[in-house]
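Taking it in order: structure first as structure tokens, then the write-up.
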Amino acid sequence: MCAIQRTACYTNGLVYRLVLENLKHRPVRTLLSALAIGVQVTMILTLVGVSQGMLHDVAMRSRGTGADILVRPPGSSILGFSGNMPEKIVSVVRAAPHVALATGTLVQPIGELDSITGIHLDEFNAMSGGFHYLEGGPFTGPNDLIVDEVYARSKNIHAGQSINIGLTWRVAGVVEQGKLSRMFAEIESLQDKYSAKDKISVIYVKADASANIPEVLGELKQKLLDYKIYTVEEFVSLISVDNIPILQRFIGVVIGLAVVVGFLVVFLSMYTAVLERTREIGILKALGASPGYILGILLRETTLLAVAGTIAGICMTYGTRSLMGAFVPTMTTEIVYGWWPWAGVIALVGSLIGALYPGFKAARQDPIEALAYD
Amino acid sequence: MIEIRDLTKVYHVGEVDVHALRGVDLSVTRGEFVAVIGPSGSGKSTLFHILGGLTPPTSGTIHIDGRDLLKMTDRERTELRKTAVGFVFQKYNLLPTLTAADNIAIARDIAGRNVESDPQFDEILNLLGIRTRLHHKPRALSGGEQQRVAIARAIVNHPAILLADEPTGNLDTENSNAVLRLLRDLNDRLGQTILMITHNPEAASYGHRIVKMRDGRIVE
Ligand SMILES: Nc1ncnc2c1ncn2[C@@H]1O[C@H](COP(=O)(O)OP(=O)(O)OP(=O)(O)O)[C@@H](O)[C@H]1O
Ligand SMILES: [Mg+2]
């Protein structure tokens with residue numbers, strides 16, 4: 001193609017050389033601008049990565065229960081596990097045909113993102129295949145807690161030790177992660193301690209054969225009008241950012257902030273660049289460069305900054321992931337490849353908007369102002 | 001080719017008005033080589049900047065090739081700078097981040113001309129004695145070399161009118177003579193209309209005609 005369009009190729013080479021030289025001319029400005037754009041990209045990618053990581057965790061742990069169907073109180077939202085219903089509903093569920101196992105659980109939030117799940121240990125073991133204990137063992141008393149390895153690591157606790165999380169518990173056992181929750185207590189003692197006598201949040205149901213799951217589902221929906229009843233697979237597919245409006249809004253706000261940050265950084269950077277280059281711009285105009293030509297140079301420079309910033313930002317997400325892993329291990333951060341292009345587009349949009357005003361200022365500059373006087 | 005009538009230019013510097021031009025009349029015919037001389041501050045550079053469409057006059061009229069410069073739109077003035085007028089500034093005004101070769105190439109690029117080799121131009125580079133210096137950035141060039149690169153840049157698009165503001169100001173006699181011979185040659189062979197500002201009477205004698213300015217007016 002270059003053979004046919006040699007002129008165009010040379011031209012682009014020349015202008016890009018000018019753009020690159022300009023960027024190299026002020027390495028600190030270039031580096032800081034790209035880094036700031038990078039931080040913006042990391043911000044978006046980390047937030048999305050944490051959201052998805054945590055949602056995937058929930059999905060994985062829901063599957064880990066071994067249940068086929070879950071029943072939740074009327075009006076509960078997807079991630080709002082804590083609503084409650086009377087414990088006697090469990091017997092209604094058990095009575096339905098083809099139900100092999102049904103067990104009630106109580107989700108008790110204990111601040112921030114943590115919660116303790118109250119379980120009937122033997123029923124839960126029957127359904128999920130049992131905990132794999134890394135340390136200690138099952139509950140021996142009403143103050144006993146079982147935690148998963150991730151939670152244990154994040155709090156640096158071991159079996160036999162006590163932990164105060166609102167109330168004081170004794171860690172009876174540390175188990176492999178992946179089953180329902182990160183913290184478990186005997187359901188009766190949890191109900192007692194939090195004045196939730198006979199209340200449960202979710203009923204996990206196992207059918208006698210997977211072929212019978214649809215039938216069980218239909219039956220339960222008929223018996224328990226208004227209750228939220230899903231197959232686990234259905235439920236897992238519902239756990240996504242798209243179905244959690246508050247998360248969506250939060251991500252939207254962060255993207256908005258990121259665009260504003262990108263805009264400001266590039267605005268400032270390009271504005272000073274234009275001020276500093278009045279002379280060069282004057283020369284180009286004196287040579288007959290049109291406003292579009294000048295604007296084109298600045299927009300190319302901005303695009304390069306945005307691309308460099310995006311790459312830097314993507315690299316930095318690996319750093320933030322390690323940091324999150326070290327400091328908040330209970331929040332799983334994923335690398336969200338699918339969002340890389342979007343983060344780039346967001347960085348580019350903010351940057352280009354930021355470059356517009358300085359660009360127009362440069363394009364409309366009176367050529368002689370810069371040249372006449374020293 | 002160029003018709004200037006009663007041209008004035010006032011710069012406003014804070015509270016002070018600087019009358020740089022106080023009524024300039026000048027006609028230049030096609031193919032003429034005019035030397036402009038006059039003391040510092042007499043308005044020579046200002047006159048050139050207005051002619052090149054780089055800054056508007058305060059009053060008066062200018063016709064270039066029959067077209068009224070002051071009635072042109074910005075776009076038409078840009079077009080004029082791009083294609084019809086070549087400018088050598090008093091200060092060399094090269095782009096500091098580009099090599100000498102790229103400084104010349106960008107003038108072609110802006111004019112949208114292809115940048116394939118041009119034997120005639122190669123010869124000019126030889127004549128200017130900057131061939132071997134083309135791959136250096138301006139800061140690695142001497143003042144005289146920078147000025148010669150600026151001259152090469154001004155003539156690379158073969159403009160009909162060349163406005164040269166003290167093109168030999170920084171050159172030794174030898175290089176100065178080479179530049180002046182080149183200008184006269186361009187004028188002779190290609191019929192380029194040339195206006196050249198100089199402080200040097202010997203340089204001025206290369207022109208067909210000498211115009212003298214004083215206090216914003218042409219005095220002879
Ligand atoms: N951009 C400007 N703003 C304000 N005053 C200016 C500007 N350019 C030139 N002047 C003033 O206008 C007058 C004429 O300046 P000009 O540069 O045209 O003189 P000149 O004849 O080229 O002088 P020299 O030989 O020193 O180059 C001077 O008094 C100068 O200070
Ligand atoms: Mg001057």
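By order in the structure tokens, chains are A, B, ...; within a chain, residues start at 1; ligands start at 1, following the order shown.
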
| task | Up to 8 Å from chain A, what residues of chain B turn up? Count only C-alpha atoms and give them as a ChimeraX atom specification. | result | /B:49,54-55,75,78-83,86-87,93-95,97-98,102,105-107,109-111,113-116

Prev. selection, C-alpha atoms, output as a CSV table (one decimal), in the first residue's frame:
```csv
chain,number,residue,atom,x,y,z
B,49,HIS,CA,4.2,40.0,8.1
B,54,LEU,CA,0.4,36.7,9.1
B,55,THR,CA,-1.2,39.7,10.8
B,75,ARG,CA,-9.0,29.9,4.8
B,78,THR,CA,-3.9,30.0,4.9
B,79,GLU,CA,-4.0,28.9,1.3
B,80,LEU,CA,-1.9,31.9,0.2
B,81,ARG,CA,0.7,31.2,2.9
B,82,LYS,CA,0.7,27.6,1.9
B,83,THR,CA,1.1,28.0,-1.9
B,86,GLY,CA,7.5,31.7,1.1
B,87,PHE,CA,8.7,33.3,4.3
B,93,ASN,CA,12.2,29.9,13.5
B,94,LEU,CA,12.9,26.2,12.8
B,95,LEU,CA,10.9,23.6,14.7
B,97,THR,CA,12.2,19.0,17.7
B,98,LEU,CA,12.6,18.1,14.0
B,102,ASP,CA,12.1,17.2,8.4
B,105,ALA,CA,9.8,18.3,4.5
B,106,ILE,CA,7.0,19.6,6.8
B,107,ALA,CA,6.6,22.6,4.6
B,109,ASP,CA,3.7,18.2,3.7
B,110,ILE,CA,1.6,21.2,4.7
B,111,ALA,CA,1.4,22.2,1.1
B,113,ARG,CA,3.0,18.1,-2.2
B,114,ASN,CA,4.7,14.8,-2.5
B,115,VAL,CA,8.1,14.5,-1.0
B,116,GLU,CA,9.8,12.4,-3.6
```

| said: Hey, which residues sit close to ligand 1? Say within 6 Å, counting only C-alpha atoms and all ligand atoms, and write them as a VMD selection string. | reply: (chain A and resid 369 372 to 373) or (chain B and resid 11 13 18 20 39 to 46)

| message | Restricting the calculation to only C-alpha atoms: of B:Leu127, B:Val219, B:Ile62, B:Leu51, which residue gets closest to B:Arg5? | response |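 Among the listed residues, B:Ile62 lies closest to B:Arg5.
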
| message | DSSP on the backbone, helix (DSSP H, G or I) only: what residues of stretch 25-155 of chain A does that give? Format it as a VMD selection string. | response | chain A and resid 25 27 to 63 89 to 95 121 to 128 149 to 155

| Residue with smallest distance to B:Thr8 - pool B:Val85, B:Ile50, B:Ile161, B:Leu171, counting only C-alpha atoms |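 Among the listed residues, the smallest separation from B:Thr8 belongs to B:Ile50.
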
| query | Near B:Asp65, counting only C-alpha atoms, which residues have an atom at most 10 Å away, once you skip same-chain residues fewer than 3 positions from it, shown as a list in words? | reply |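 Listing them by chain and then by number gives Met1, Ile2, Glu3, Thr29, Arg30, Ile62, Asp68 and Leu69 of chain B.
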
| remark: Min atom-atom distance to ligand 2 from the set B:Val88, B:Ala100, B:Ile218, B:Leu128, counting only C-alpha atoms and all ligand atoms, belongs to B:Val88

| task | Record the distance separating atom CA of A:Val261 and atom CA of A:Tyr16, expressed in Å with one decimal. | result |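 Between atom CA of A:Val261 and atom CA of A:Tyr16 the gap works out to 26.0 Å.
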
| field | For atom CA of A:Leu352 and atom CA of A:Pro27, the interatomic separation in Å (one decimal) | value | 20.1 Å

| Skipping near chain neighbours, those fewer than 5 positions away, what residues fall within 12 Å of A:Tyr357 using only C-alpha atoms, listed as a ChimeraX atom specification? | /A:263-264,266-272,274,295,298-299,351-352,362-364
